[in-house]
Amino acid sequence: MNAILQFDRVELGYGRHDVLKDVNLVLEAGDFLGIVGPNGAGKTTLLRAMIGTLNPKSGRLRRAPGVRFAYVPQRQYIDEVFPLSVMEVAMMGRYTLLGPVARPTKRDRDFVIKCLGHVGIADLAGRTYRELSGGQKQRTLIARALAAEPQALILDEPTNDMDIAGEHAIMELIKSLHEQDKLTIVMVSHLLNVVVNYVRKLALIDGGLRMVGPTAEVLTSENLTGIYDAPIRIAEFGGRKVVLTGGGDA
Amino acid sequence: MLSVFRSPFMQVALIGGLIVGAVCAYLGVQVVLRRIVFVGAALAQVSSAGVGLALCMGWNPSLISLVLTLGGVAAFSVKTKDRSTTRESLIGVGYAVSSALAVLFVAKSAQGESHLLDVLSGNILTITPAQVWWMAGTAAAAAAVMALLGKQFLFSMFDPETAQAAGIHVALWDMAFFLILGVIISLAIRLAGTLLVFAFLVLPAVTGLLLSRRLDRINAIAIASACAATVAGLYASVKMDLPSGPAIVACSFALLAIAWLVSRFR
């Protein structure tokens, strides 16, 4: 086992408000983990602990030394008033590697262009970020994360508010980053039908980490019905898993 | 036009106005992008309340103005965790109370209400070379810090959560920006008055944002439009016997209106 992030009886919350209790989770190098759960279950809280912006109230959170994590936020959280080019946004990924005073060099610019090319938008480098489509913005944010030369990517709702084609394209990109580039991937999503067809491991969250394991083991009607407090069935259609709510035959 | 600027006091006023305009316009682009325009207005009022307090008590106006402005920076830059109120409401309270206190302090000062107009609308024609030197040195230091550490300021205001995840101490950089803003405002108020300083923080930045989609060009346009408005406003104030501060604001607005028209029709 090659753990790069380990939660050991971790309690998370804000002030006096506890959100997640007794979280035990091991993220291994090469994992492709999906974190799902109902609204208010604590998905974002767990993610914040993973990216280091929220400290545990108790318990231990250990990171493997030398492993670099990069974060891809929900693109809706980015304030589009900023007149920045795609290149300028993606370059931010290099900032922590550069140090506080140094300016990006030609090598940095070449690397960022390579990252933009890797996600299929090298031709958009000079365009203004706010003028891009949702899918192009998401690719820009992924390129920015790649510019930091990480070993692990943590993505928050990467396909939110996308049409089916855009959703598929972004998930295929994330899949290729996992399979071709050997990046460890963690993604939080409320879109069960999207997540379950890509991730290798699934974590169910609801006020605590209820279950984590290989997708095939965790993704059962019983587990999801218990978490979402609604009748849920799992069906297969064209080789893909489909999560359905309500009664009736699949 | 040059004849207007031949007298030494007009040259000092011009140089002082150009420095205040340039540095406020540069910071103003970030003020507008950070959506904290009202913070600029509130800090300007807090600073003028400090001047009023100093006049009332016979203290050093620059020092008291700086101390109160830094207090305002500390109060306005903290994000409240109390959901029953908002940071905007705190800034609004600060703005209203500071405005009232400035008037009350000046009304009770030995110099009386004759100083009130200077504090609020400014009288850039009466500034001294020493004030200009202080402003120039502080503006140069602020610009150097902003330029050298621009990456951190940019990342932390554009996407605070990701910047924090990348190891950038966002709260520290926000505080640094507010501190620079507070120091510049408290010094600039003494030269140009509340109205002109607030106008320089907003109008040139909006002019730049209307004309360009590149941050470096927006900064350049904002600085150029503030300087142009200063020259034109001072010229108009002498030729038409108008108060200098409002004349510069009017010229700055004229440039903004032209920029708006250009942005509509291009």
# chains A, B, ... in the order shown; residues from 1 in each chain; ligands from 1

call {"tool": "select_by_dssp", "arguments": {"residues": "stretch 4-249 of chain A", "states": "strand (DSSP E or B)", "output": "PyMOL selection string"}}
result
chain A and resi 4-14+17-28+32-36+58-63+69-72+85+128+152-156+184-188+201-205+208-214+232-237+240-245

call {"tool": "residues_around", "arguments": {"residues": "A:Leu5", "least_positions_apart": "6", "cutoff": "6 Å", "atoms": "only C-alpha atoms", "output": "PDB file with N, CA and C atoms, in the first residue's frame"}}
result
ATOM      1  N   VAL A  26      -8.137   6.221   3.447  1.00  0.00           N
ATOM      2  CA  VAL A  26      -6.772   6.172   2.918  1.00  0.00           C
ATOM      3  C   VAL A  26      -6.842   6.384   1.410  1.00  0.00           C
ATOM      4  N   LEU A  27      -6.120   7.383   0.937  1.00  0.00           N
ATOM      5  CA  LEU A  27      -6.016   7.604  -0.501  1.00  0.00           C
ATOM      6  C   LEU A  27      -4.665   7.079  -0.932  1.00  0.00           C
ATOM      7  N   ARG A  62      -2.687  12.810   7.580  1.00  0.00           N
ATOM      8  CA  ARG A  62      -1.285  12.727   7.173  1.00  0.00           C
ATOM      9  C   ARG A  62      -1.148  12.756   5.648  1.00  0.00           C
ATOM     10  N   ARG A  63      -0.185  13.545   5.193  1.00  0.00           N
ATOM     11  CA  ARG A  63       0.120  13.608   3.763  1.00  0.00           C
ATOM     12  C   ARG A  63       1.498  13.010   3.542  1.00  0.00           C
TER      13      ARG A  63
END

call {"tool": "interface_residues", "arguments": {"of": "chain B", "to": "chain A", "cutoff": "8 Å", "atoms": "only C-alpha atoms", "output": "PyMOL selection string"}}
result
chain B and resi 33+148-149+151-152+155+158-159+161-162+164-168+213-215

call {"tool": "write_last_selection", "arguments": {"atoms": "N, CA and C atoms", "output": "short mmCIF file (atom, residue, chain, number, x, y, z; two decimals), in the first residue's frame"}}
result
data_model
loop_
_atom_site.label_atom_id
_atom_site.label_comp_id
_atom_site.auth_asym_id
_atom_site.auth_seq_id
_atom_site.Cartn_x
_atom_site.Cartn_y
_atom_site.Cartn_z
N LEU B 33 -12.12 45.27 -9.19
CA LEU B 33 -12.17 43.83 -9.48
C LEU B 33 -12.49 43.01 -8.23
N LEU B 148 6.11 43.64 -7.54
CA LEU B 148 6.99 42.51 -7.22
C LEU B 148 6.20 41.28 -6.78
N LEU B 149 5.15 41.51 -6.01
CA LEU B 149 4.38 40.40 -5.44
C LEU B 149 3.00 40.28 -6.11
N LYS B 151 1.84 38.40 -8.40
CA LYS B 151 1.29 37.06 -8.63
C LYS B 151 0.40 36.64 -7.46
N GLN B 152 0.92 36.86 -6.24
CA GLN B 152 0.17 36.43 -5.05
C GLN B 152 -1.12 37.23 -4.89
N PHE B 155 -3.61 35.95 -7.70
CA PHE B 155 -4.16 34.61 -7.46
C PHE B 155 -5.14 34.64 -6.28
N PHE B 158 -8.39 36.41 -7.36
CA PHE B 158 -9.11 35.77 -8.46
C PHE B 158 -9.78 34.46 -8.01
N ASP B 159 -9.06 33.66 -7.26
CA ASP B 159 -9.58 32.34 -6.88
C ASP B 159 -9.01 31.98 -5.49
N GLU B 161 -9.84 30.17 -2.90
CA GLU B 161 -9.80 28.81 -2.36
C GLU B 161 -8.65 28.01 -2.98
N THR B 162 -8.50 28.13 -4.31
CA THR B 162 -7.42 27.40 -4.97
C THR B 162 -6.06 27.97 -4.56
N GLN B 164 -5.33 29.32 -1.72
CA GLN B 164 -5.07 28.80 -0.37
C GLN B 164 -4.59 27.36 -0.45
N ALA B 165 -5.26 26.57 -1.30
CA ALA B 165 -4.87 25.16 -1.46
C ALA B 165 -3.45 25.04 -2.02
N ALA B 166 -3.03 26.05 -2.80
CA ALA B 166 -1.69 26.03 -3.39
C ALA B 166 -0.64 26.57 -2.43
N GLY B 167 -1.05 26.91 -1.22
CA GLY B 167 -0.08 27.34 -0.21
C GLY B 167 0.06 28.84 -0.08
N ILE B 168 -0.79 29.59 -0.77
CA ILE B 168 -0.73 31.05 -0.65
C ILE B 168 -1.64 31.47 0.50
N ARG B 213 -9.46 44.31 -22.30
CA ARG B 213 -9.71 43.03 -21.63
C ARG B 213 -8.42 42.42 -21.13
N ARG B 214 -7.38 43.24 -21.05
CA ARG B 214 -6.09 42.76 -20.55
C ARG B 214 -5.71 43.57 -19.32
N LEU B 215 -5.33 42.88 -18.26
CA LEU B 215 -5.10 43.55 -16.99
C LEU B 215 -4.00 44.61 -17.07
#

call {"tool": "select_by_dssp", "arguments": {"residues": "stretch 74-218 of chain A", "states": "alpha helix (DSSP H)", "output": "ChimeraX atom specification"}}
result
/A:86-91,95-98,106-118,134-147,164-179,192-195,215-218

call {"tool": "residues_around", "arguments": {"residues": "A:Tyr228", "least_positions_apart": "2", "cutoff": "8 Å", "atoms": "only C-alpha atoms", "output": "PDB file with C-alpha atoms, in the first residue's frame"}}
result
ATOM      1  CA  GLY A  37     -23.564  11.936  -0.933  1.00  0.00           C
ATOM      2  CA  PRO A  38     -26.725  14.007  -0.579  1.00  0.00           C
ATOM      3  CA  LEU A 224     -27.560   4.278  -1.757  1.00  0.00           C
ATOM      4  CA  THR A 225     -31.109   3.973  -0.395  1.00  0.00           C
ATOM      5  CA  GLY A 226     -29.687   4.224   3.117  1.00  0.00           C
ATOM      6  CA  ALA A 230     -35.110   7.393  -0.940  1.00  0.00           C
TER       7      ALA A 230
END

call {"tool": "closest_residue", "arguments": {"among": "B:Arg190, B:Arg87, B:Arg6, B:Lys108", "to": "B:Ala44", "atoms": "only C-alpha atoms"}}
result
B:Arg190

call {"tool": "residues_around", "arguments": {"residues": "stretch 233-237 of chain A", "least_positions_apart": "3", "cutoff": "8 Å", "atoms": "only C-alpha atoms", "output": "PDB file with N, CA and C atoms, in the first residue's frame"}}
result
ATOM      1  N   LEU A 219     -21.473   0.354  -4.679  1.00  0.00           N
ATOM      2  CA  LEU A 219     -22.628   0.813  -5.444  1.00  0.00           C
ATOM      3  C   LEU A 219     -23.740  -0.247  -5.436  1.00  0.00           C
ATOM      4  N   THR A 220     -24.504  -0.267  -4.361  1.00  0.00           N
ATOM      5  CA  THR A 220     -25.648  -1.180  -4.283  1.00  0.00           C
ATOM      6  C   THR A 220     -26.891  -0.377  -3.938  1.00  0.00           C
ATOM      7  N   SER A 221     -28.041  -0.934  -4.295  1.00  0.00           N
ATOM      8  CA  SER A 221     -29.312  -0.258  -3.999  1.00  0.00           C
ATOM      9  C   SER A 221     -29.444   0.000  -2.507  1.00  0.00           C
ATOM     10  N   ARG A 240     -23.317   0.470 -19.264  1.00  0.00           N
ATOM     11  CA  ARG A 240     -23.094   1.554 -18.292  1.00  0.00           C
ATOM     12  C   ARG A 240     -24.084   1.430 -17.148  1.00  0.00           C
ATOM     13  N   LYS A 241     -23.613   1.779 -15.955  1.00  0.00           N
ATOM     14  CA  LYS A 241     -24.487   1.725 -14.783  1.00  0.00           C
ATOM     15  C   LYS A 241     -25.395   2.946 -14.776  1.00  0.00           C
ATOM     16  N   VAL A 242     -26.652   2.719 -14.381  1.00  0.00           N
ATOM     17  CA  VAL A 242     -27.612   3.823 -14.304  1.00  0.00           C
ATOM     18  C   VAL A 242     -28.236   3.795 -12.912  1.00  0.00           C
ATOM     19  N   VAL A 243     -28.233   4.928 -12.246  1.00  0.00           N
ATOM     20  CA  VAL A 243     -28.825   5.025 -10.913  1.00  0.00           C
ATOM     21  C   VAL A 243     -30.214   5.632 -11.068  1.00  0.00           C
ATOM     22  N   LEU A 244     -31.209   4.876 -10.594  1.00  0.00           N
ATOM     23  CA  LEU A 244     -32.601   5.308 -10.762  1.00  0.00           C
ATOM     24  C   LEU A 244     -33.245   5.524  -9.403  1.00  0.00           C
ATOM     25  N   THR A 245     -34.115   6.502  -9.328  1.00  0.00           N
ATOM     26  CA  THR A 245     -34.863   6.707  -8.082  1.00  0.00           C
ATOM     27  C   THR A 245     -36.295   6.245  -8.288  1.00  0.00           C
ATOM     28  N   GLY A 246     -36.977   5.874  -7.187  1.00  0.00           N
ATOM     29  CA  GLY A 246     -38.379   5.477  -7.228  1.00  0.00           C
ATOM     30  C   GLY A 246     -38.520   3.980  -7.409  1.00  0.00           C
ATOM     31  N   ALA A 250     -36.509  -2.371 -13.258  1.00  0.00           N
ATOM     32  CA  ALA A 250     -35.456  -1.773 -14.072  1.00  0.00           C
ATOM     33  C   ALA A 250     -35.511  -2.358 -15.472  1.00  0.00           C
TER      34      ALA A 250
END

call {"tool": "residues_around", "arguments": {"residues": "stretch 37-40 of chain B", "least_positions_apart": "5", "cutoff": "12 Å", "atoms": "only C-alpha atoms", "output": "VMD selection string"}}
result
chain B and resid 24 to 25 27 to 32 45 to 47 69 72 to 78 87 to 96 177 to 186 189 194 to 203 205 to 206

call {"tool": "atom_distance", "arguments": {"atom1": "atom CA of A:Gly135", "atom2": "atom CA of A:Ile174"}}
result
12.6 Å

call {"tool": "residues_around", "arguments": {"residues": "stretch 229-245 of chain B", "least_positions_apart": "4", "cutoff": "10 Å", "atoms": "only C-alpha atoms", "output": "ChimeraX atom specification"}}
result
/B:1-5,10,13-22,118,120-125,192-197,199-200,204,223-225,249-255

call {"tool": "closest_residue", "arguments": {"among": "B:Val262, B:Leu154, B:Leu187, B:Val145", "to": "B:Trp133", "atoms": "only C-alpha atoms"}}
result
B:Leu187

call {"tool": "closest_residue", "arguments": {"among": "A:Asp206, A:Glu172, A:Asp161, A:Asp156", "to": "A:Gln74", "atoms": "only C-alpha atoms"}}
result
A:Asp156

call {"tool": "atom_distance", "arguments": {"atom1": "atom CA of A:Leu173", "atom2": "atom CA of A:Asn2"}}
result
24.7 Å
